[in-house]
>>> print(open('protein_18.cif').read())   # mmCIF, C-alpha atoms
data_target
loop_
_atom_site.label_atom_id
_atom_site.label_comp_id
_atom_site.auth_asym_id
_atom_site.auth_seq_id
_atom_site.Cartn_x
_atom_site.Cartn_y
_atom_site.Cartn_z
CA MET W 1 -5.58 -2.98 32.05
CA SER W 2 -2.55 -2.46 34.26
CA ALA W 3 -1.39 0.58 32.39
CA PRO W 4 -1.64 3.52 34.84
CA THR W 5 0.17 1.88 37.73
CA ALA W 6 2.71 -0.62 36.58
CA PRO W 7 3.58 -3.31 39.09
CA PRO W 8 7.11 -2.95 40.40
CA GLY W 9 8.33 -6.28 39.05
CA GLU W 10 7.59 -5.47 35.37
CA SER W 11 8.51 -1.84 35.13
CA GLY W 12 11.60 -1.46 33.02
CA LEU W 13 11.69 -3.84 30.09
CA GLU W 14 7.96 -4.04 29.55
CA VAL W 15 7.52 -0.30 29.45
CA ALA W 16 10.34 -0.15 26.93
CA LEU W 17 8.66 -2.81 24.77
CA ASP W 18 5.38 -0.92 25.03
CA ALA W 19 7.10 2.26 23.93
CA VAL W 20 8.72 0.61 20.90
CA GLY W 21 5.44 -1.03 19.97
CA THR W 22 3.60 2.27 20.27
CA VAL W 23 6.09 4.01 17.99
CA SER W 24 5.65 1.25 15.42
CA ILE W 25 1.85 1.52 15.64
CA VAL W 26 2.03 5.30 15.22
CA VAL W 27 4.11 4.96 12.06
CA GLY W 28 1.70 2.39 10.65
CA VAL W 29 -1.33 4.54 11.39
CA LEU W 30 0.29 7.57 9.78
CA LEU W 31 0.93 5.43 6.68
CA ALA W 32 -2.75 4.54 6.65
CA LEU W 33 -3.72 8.20 6.89
CA VAL W 34 -1.37 9.21 4.07
CA ALA W 35 -2.69 6.37 1.94
CA SER W 36 -6.29 7.43 2.38
CA VAL W 37 -5.41 11.01 1.43
CA GLY W 38 -3.66 9.65 -1.65
CA LEU W 39 -6.64 7.47 -2.44
CA LEU W 40 -8.77 10.57 -2.58
CA SER W 41 -6.40 12.79 -4.52
CA LEU W 42 -4.76 10.54 -7.12
CA PRO W 43 -6.33 10.50 -10.57
CA ASP W 44 -6.20 6.89 -11.66
CA VAL W 45 -7.00 3.33 -10.65
CA LEU W 46 -3.35 2.32 -10.93
CA SER W 47 -2.08 5.27 -8.90
CA ARG W 48 -4.83 4.71 -6.35
CA MET W 49 -3.57 1.15 -6.09
CA HIS W 50 -0.11 2.58 -5.48
CA ALA W 51 -1.54 4.54 -2.59
CA ALA W 52 -3.61 1.61 -1.37
CA THR W 53 -0.60 -0.66 -0.96
CA LYS W 54 0.70 1.29 2.02
CA PRO W 55 -1.80 0.32 4.71
CA GLN W 56 -2.29 -3.09 3.16
CA VAL W 57 1.29 -4.27 3.45
CA LEU W 58 3.69 -1.91 5.18
CA GLY W 59 1.22 -0.26 7.56
CA LEU W 60 -0.36 -3.53 8.60
CA LEU W 61 3.06 -5.12 9.15
CA LEU W 62 4.18 -2.22 11.34
CA VAL W 63 0.96 -2.29 13.36
CA VAL W 64 1.18 -6.07 13.71
CA ILE W 65 4.74 -5.76 15.00
CA GLY W 66 3.58 -3.10 17.45
CA GLY W 67 0.65 -5.21 18.61
CA ALA W 68 2.92 -8.20 19.09
CA LEU W 69 5.22 -6.04 21.22
CA HIS W 70 2.22 -5.01 23.31
CA LEU W 71 0.60 -8.43 23.70
CA ARG W 72 3.56 -10.48 24.68
CA THR W 73 1.81 -13.86 24.84
CA SER W 74 3.13 -16.62 22.60
CA VAL W 75 -0.21 -17.50 20.98
CA ASP W 76 -0.97 -13.86 20.18
CA VAL W 77 2.46 -13.24 18.72
CA TRP W 78 2.21 -16.25 16.42
CA MET W 79 -1.28 -15.33 15.31
CA LEU W 80 -0.11 -11.84 14.45
CA VAL W 81 2.81 -13.34 12.52
CA LEU W 82 0.20 -15.37 10.65
CA VAL W 83 -1.74 -12.22 9.83
CA GLY W 84 1.39 -10.57 8.42
CA ALA W 85 2.25 -13.64 6.36
CA PHE W 86 -1.27 -13.91 4.94
CA GLN W 87 -1.27 -10.27 4.00
CA LEU W 88 2.13 -10.57 2.32
CA VAL W 89 0.89 -13.53 0.28
CA THR W 90 -2.56 -12.28 -0.66
CA ALA W 91 -1.95 -8.58 -1.36
CA PRO W 92 0.07 -9.16 -4.58
CA VAL W 93 -2.62 -11.51 -5.92
CA THR W 94 -5.35 -8.94 -5.47
CA ALA W 95 -3.15 -6.19 -6.86
CA HIS W 96 -2.36 -8.29 -9.92
CA VAL W 97 -5.99 -9.01 -10.68
CA VAL W 98 -7.11 -5.44 -10.13
CA GLY W 99 -4.22 -3.96 -12.12
CA ARG W 100 -4.82 -6.23 -15.07
CA LEU W 101 -8.52 -5.43 -15.11
CA ALA W 102 -7.75 -1.74 -14.86
CA HIS W 103 -5.42 -2.00 -17.82
CA ARG W 104 -8.00 -3.84 -19.90
CA GLY W 105 -10.77 -1.47 -19.01
CA ASP W 106 -10.62 2.28 -18.66
CA GLY W 107 -8.80 2.38 -15.34
CA VAL W 108 -5.60 3.82 -16.81
CA ARG W 109 -5.21 7.39 -17.93
CA ARG W 110 -2.92 6.80 -20.87
CA ASP W 111 -2.08 10.45 -21.29
CA LEU W 112 -0.22 10.32 -17.97
CA LEU W 113 1.92 7.32 -18.90
CA HIS W 114 5.45 7.54 -20.24
CA VAL W 115 5.92 3.83 -20.91
CA ASP W 116 3.12 1.31 -21.33
CA GLU W 117 4.77 -2.08 -21.46
CA LEU W 118 1.56 -4.06 -21.76
CA THR W 119 0.42 -2.37 -24.94
CA ASP W 120 3.87 -2.52 -26.53
CA ARG W 121 3.44 -6.29 -26.63
CA PRO W 122 0.19 -6.89 -28.47
CA ASP W 123 -2.12 -9.25 -26.65
CA THR W 124 -4.88 -10.87 -28.66
CA THR W 125 -7.24 -11.08 -25.72
CA ASP W 126 -6.62 -7.47 -24.77
CA PRO W 127 -9.36 -5.16 -26.01
CA GLY W 128 -7.26 -2.07 -25.23
CA PRO W 129 -5.29 -0.09 -27.81
CA ASP W 130 -2.44 -2.16 -29.20
CA GLU W 131 -0.44 0.62 -30.81
CA PRO W 132 1.14 3.44 -28.88
CA GLU W 133 0.13 6.89 -29.86
CA PRO W 134 2.69 8.69 -32.04
CA ASP W 135 3.55 11.47 -29.63
CA GLU W 136 3.67 9.33 -26.49
CA PRO W 137 6.78 7.13 -26.39
CA GLU W 138 9.46 9.83 -26.69
CA PRO W 139 8.89 12.37 -23.96
CA GLU W 140 12.60 12.66 -23.11
CA GLU W 141 15.09 14.27 -25.43
CA PRO W 142 18.20 12.12 -25.77
CA GLU W 143 20.62 14.74 -27.05
CA PRO W 144 21.55 16.72 -23.92
CA ALA W 145 22.03 13.48 -22.00
CA THR W 146 24.59 12.17 -24.53
CA ARG W 147 26.40 15.47 -24.54
CA GLY W 148 26.60 15.43 -20.78
CA ARG W 149 27.93 11.91 -20.79
CA GLY W 150 30.51 12.83 -23.42
CA ARG W 151 31.75 15.72 -21.29
CA ASP W 152 31.81 13.75 -18.08
CA GLY W 153 33.08 10.46 -19.47
CA THR W 154 36.84 9.91 -19.45
CA GLY W 155 37.16 6.43 -20.99
CA HIS W 156 37.21 5.56 -24.67
CA ALA W 157 34.13 3.34 -24.34
CA ASP W 158 32.03 6.37 -23.44
CA GLY W 159 33.37 8.20 -26.44
CA ASP W 160 32.41 5.33 -28.70
CA GLY W 161 28.91 5.22 -27.25
CA THR W 162 28.31 8.92 -27.74
CA GLY W 163 29.65 8.71 -31.26
CA ARG W 164 27.18 6.00 -32.14
CA ARG W 165 24.33 7.91 -30.59
CA ARG W 166 25.25 11.06 -32.45
CA GLY W 167 25.50 9.07 -35.63
CA ARG W 168 22.03 7.70 -35.05
CA ASP W 169 20.67 11.13 -34.36
CA GLY W 170 22.31 12.66 -37.40
CA ALA W 171 21.45 9.88 -39.85
CA PRO W 172 17.83 10.75 -40.60
CA MET L 1 8.07 5.99 34.93
CA THR L 2 4.48 6.12 36.14
CA GLY L 3 3.48 8.69 33.55
CA LEU L 4 4.83 6.86 30.53
CA PRO L 5 2.24 4.02 30.23
CA ALA L 6 -0.59 6.53 30.47
CA LEU L 7 1.10 8.57 27.74
CA LEU L 8 1.40 5.48 25.56
CA ASP L 9 -2.29 4.72 26.04
CA GLY L 10 -3.16 8.27 25.06
CA VAL L 11 -1.05 7.92 21.92
CA LEU L 12 -2.91 4.73 21.03
CA VAL L 13 -6.26 6.50 21.46
CA VAL L 14 -5.04 9.26 19.14
CA CYS L 15 -4.05 6.54 16.66
CA LEU L 16 -7.59 5.15 16.75
CA VAL L 17 -8.99 8.62 16.07
CA LEU L 18 -6.64 9.06 13.10
CA LEU L 19 -7.69 5.66 11.79
CA GLY L 20 -11.30 6.72 11.99
CA LEU L 21 -10.49 9.89 10.04
CA SER L 22 -8.67 7.96 7.32
CA ALA L 23 -11.53 5.45 7.15
CA VAL L 24 -13.91 8.36 6.54
CA LEU L 25 -11.69 9.53 3.66
CA VAL L 26 -11.64 6.03 2.21
CA VAL L 27 -15.43 5.82 2.47
CA VAL L 28 -15.64 9.07 0.50
CA ARG L 29 -13.61 7.45 -2.27
CA LEU L 30 -15.76 4.34 -1.99
CA LEU L 31 -18.93 6.34 -2.53
CA ARG L 32 -17.50 8.64 -5.18
CA GLY L 33 -15.31 6.26 -7.19
CA PRO L 34 -16.14 6.49 -10.87
CA SER L 35 -15.55 2.85 -11.73
CA GLY L 36 -16.01 -0.39 -9.90
CA LEU L 37 -12.30 -0.96 -9.57
CA ASP L 38 -11.94 2.29 -7.61
CA ARG L 39 -14.55 1.07 -5.19
CA LEU L 40 -12.82 -2.29 -4.98
CA VAL L 41 -9.46 -0.70 -4.13
CA ALA L 42 -11.15 1.53 -1.57
CA LEU L 43 -12.87 -1.47 -0.03
CA ASP L 44 -9.53 -3.28 0.24
CA VAL L 45 -8.03 -0.29 2.02
CA LEU L 46 -11.05 -0.13 4.30
CA VAL L 47 -10.58 -3.78 5.28
CA ALA L 48 -6.88 -3.19 5.92
CA GLU L 49 -7.64 -0.18 8.10
CA PHE L 50 -10.23 -2.19 9.99
CA LEU L 51 -7.57 -4.83 10.68
CA VAL L 52 -5.19 -2.11 11.84
CA GLY L 53 -7.87 -0.72 14.12
CA LEU L 54 -8.54 -4.13 15.65
CA VAL L 55 -4.84 -4.68 16.36
CA VAL L 56 -4.52 -1.19 17.87
CA TYR L 57 -7.56 -1.82 20.06
CA ALA L 58 -6.14 -5.15 21.21
CA ALA L 59 -2.84 -3.44 22.02
CA LEU L 60 -4.67 -0.67 23.88
CA THR L 61 -6.80 -2.87 26.09
CA GLY L 62 -4.42 -5.81 26.39
CA ASN L 63 -7.32 -8.04 25.47
CA SER L 64 -6.15 -10.70 23.06
CA ALA L 65 -9.58 -12.07 22.20
CA LEU L 66 -9.63 -10.03 18.99
CA VAL L 67 -6.50 -11.55 17.45
CA PRO L 68 -8.23 -14.60 15.83
CA VAL L 69 -10.78 -12.16 14.44
CA VAL L 70 -7.92 -10.34 12.71
CA VAL L 71 -6.73 -13.59 11.11
CA ALA L 72 -10.21 -14.45 9.88
CA ILE L 73 -10.94 -11.01 8.47
CA SER L 74 -7.66 -10.88 6.55
CA LEU L 75 -8.49 -14.15 4.78
CA VAL L 76 -12.11 -13.28 4.10
CA GLY L 77 -11.13 -9.86 2.79
CA PHE L 78 -8.76 -11.44 0.27
CA LEU L 79 -11.42 -13.87 -0.96
CA GLY L 80 -14.02 -11.12 -1.22
CA SER L 81 -11.88 -8.69 -3.17
CA THR L 82 -10.68 -11.32 -5.63
CA THR L 83 -14.24 -12.53 -6.27
CA VAL L 84 -15.56 -9.01 -6.70
CA ALA L 85 -12.76 -8.37 -9.21
CA ARG L 86 -14.11 -11.21 -11.35
CA PHE L 87 -17.58 -9.69 -11.39
CA VAL L 88 -16.27 -6.22 -12.11
CA ARG L 89 -14.51 -7.57 -15.18
CA ARG L 90 -17.68 -9.13 -16.54
CA GLY L 91 -19.63 -5.98 -15.87
CA THR L 92 -17.29 -3.68 -17.75
CA ASP L 93 -16.42 -5.88 -20.68
CA ARG L 94 -19.83 -7.12 -21.67
#
>>> encode(input="protein_18.cif", output="structure tokens")
Amino acid sequence: MSAPTAPPGESGLEVALDAVGTVSIVVGVLLALVASVGLLSLPDVLSRMHAATKPQVLGLLLVVIGGALHLRTSVDVWMLVLVGAFQLVTAPVTAHVVGRLAHRGDGVRRDLLHVDELTDRPDTTDPGPDEPEPDEPEPEEPEPATRGRGRDGTGHADGDGTGRRRGRDGAP
Amino acid sequence: MTGLPALLDGVLVVCLVLLGLSAVLVVVRLLRGPSGLDRLVALDVLVAEFLVGLVVYAALTGNSALVPVVVAISLVGFLGSTTVARFVRRGTDR
């Protein structure tokens, strides 16, 4: 409304608050843009949820902070605080429900997972596969890591740990 | 100092344009999503971006009449997505 010609009494501090609020809004909007690109390009319901969290929580909080810095009335600021609090409370509930349904159904590409902690604990109400596939749970090779720790480690406790691990590896 | 508020308003208009672009991308996912949960996640993101757009518009015009609308839409969006998640589960399991 009074943007192009600021009145002389409210020039300095209010323009500074507007500038900070605009920067916050710009960051939030860029998060929303990145999230929508990720929503198009990610392969999975769970990874699309990972992308979808950005404008829901962080982007909305940044934009709400920026809007509260622009509208400097008390009622507006408290209503925007209420919006941020509601979003912080309700976004995990929705994400929990959607993630659990995606895990029960076919929303998870299990060939992209390294660890699936929900199928390692068998759930009787879970119609998904209860046993991990034989080539899935060991994608990392433990032997170079233990050798690196043995070279780098100086204490005796590290030496004991590597000895046990080597013993386990050599036993079968 | 007289040029800075006009610059900030221009930046906010650019933000609204970027929000429209990202909403178009989200609508593409909403139309193309293979399962119902994809559409549900896309609809959640669309509601969040609508809220962001309302707050940016209120900050651009200085008109605070839209702020209660933002509160209401955030609550209704939560109820809607949770309810739709229930129906999606029944549809895929049975």
>>> resolve_selection(input="protein_18.cif", expression="the PyMOL selection byres ((chain L and resi 66-83) around 8)", output="list in words")
Asp76, Met79, Leu80, Leu82, Val83, Phe86, Gln87, Thr90, Ala91, Thr94 and Val97 of chain W; Leu40, Leu43, Asp44, Val47, Ala48, Leu51, Leu54, Val55, Ala58, Asn63, Ser64, Ala65, Val84, Ala85, Arg86 and Phe87 of chain L
>>> closest_residue(input="protein_18.cif", among="L:Val56, L:Gly62, L:Leu37, L:Leu4", to="W:Ser47", atoms="only C-alpha atoms")
L:Leu37
>>> residues_around(input="protein_18.cif", residues="L:Ala23", least_positions_apart="4", cutoff="7 Å", atoms="only C-alpha atoms", output="PyMOL selection string")
chain L and resi 19+27+46+49
>>> atom_distance(input="protein_18.cif", atom1="atom CA of W:Glu14", atom2="atom CA of W:Val27")
20.0 Å
>>> closest_residue(input="protein_18.cif", among="L:Ala6, L:Pro34, L:Tyr57, L:Phe50", to="chain W", atoms="only C-alpha atoms")
L:Ala6
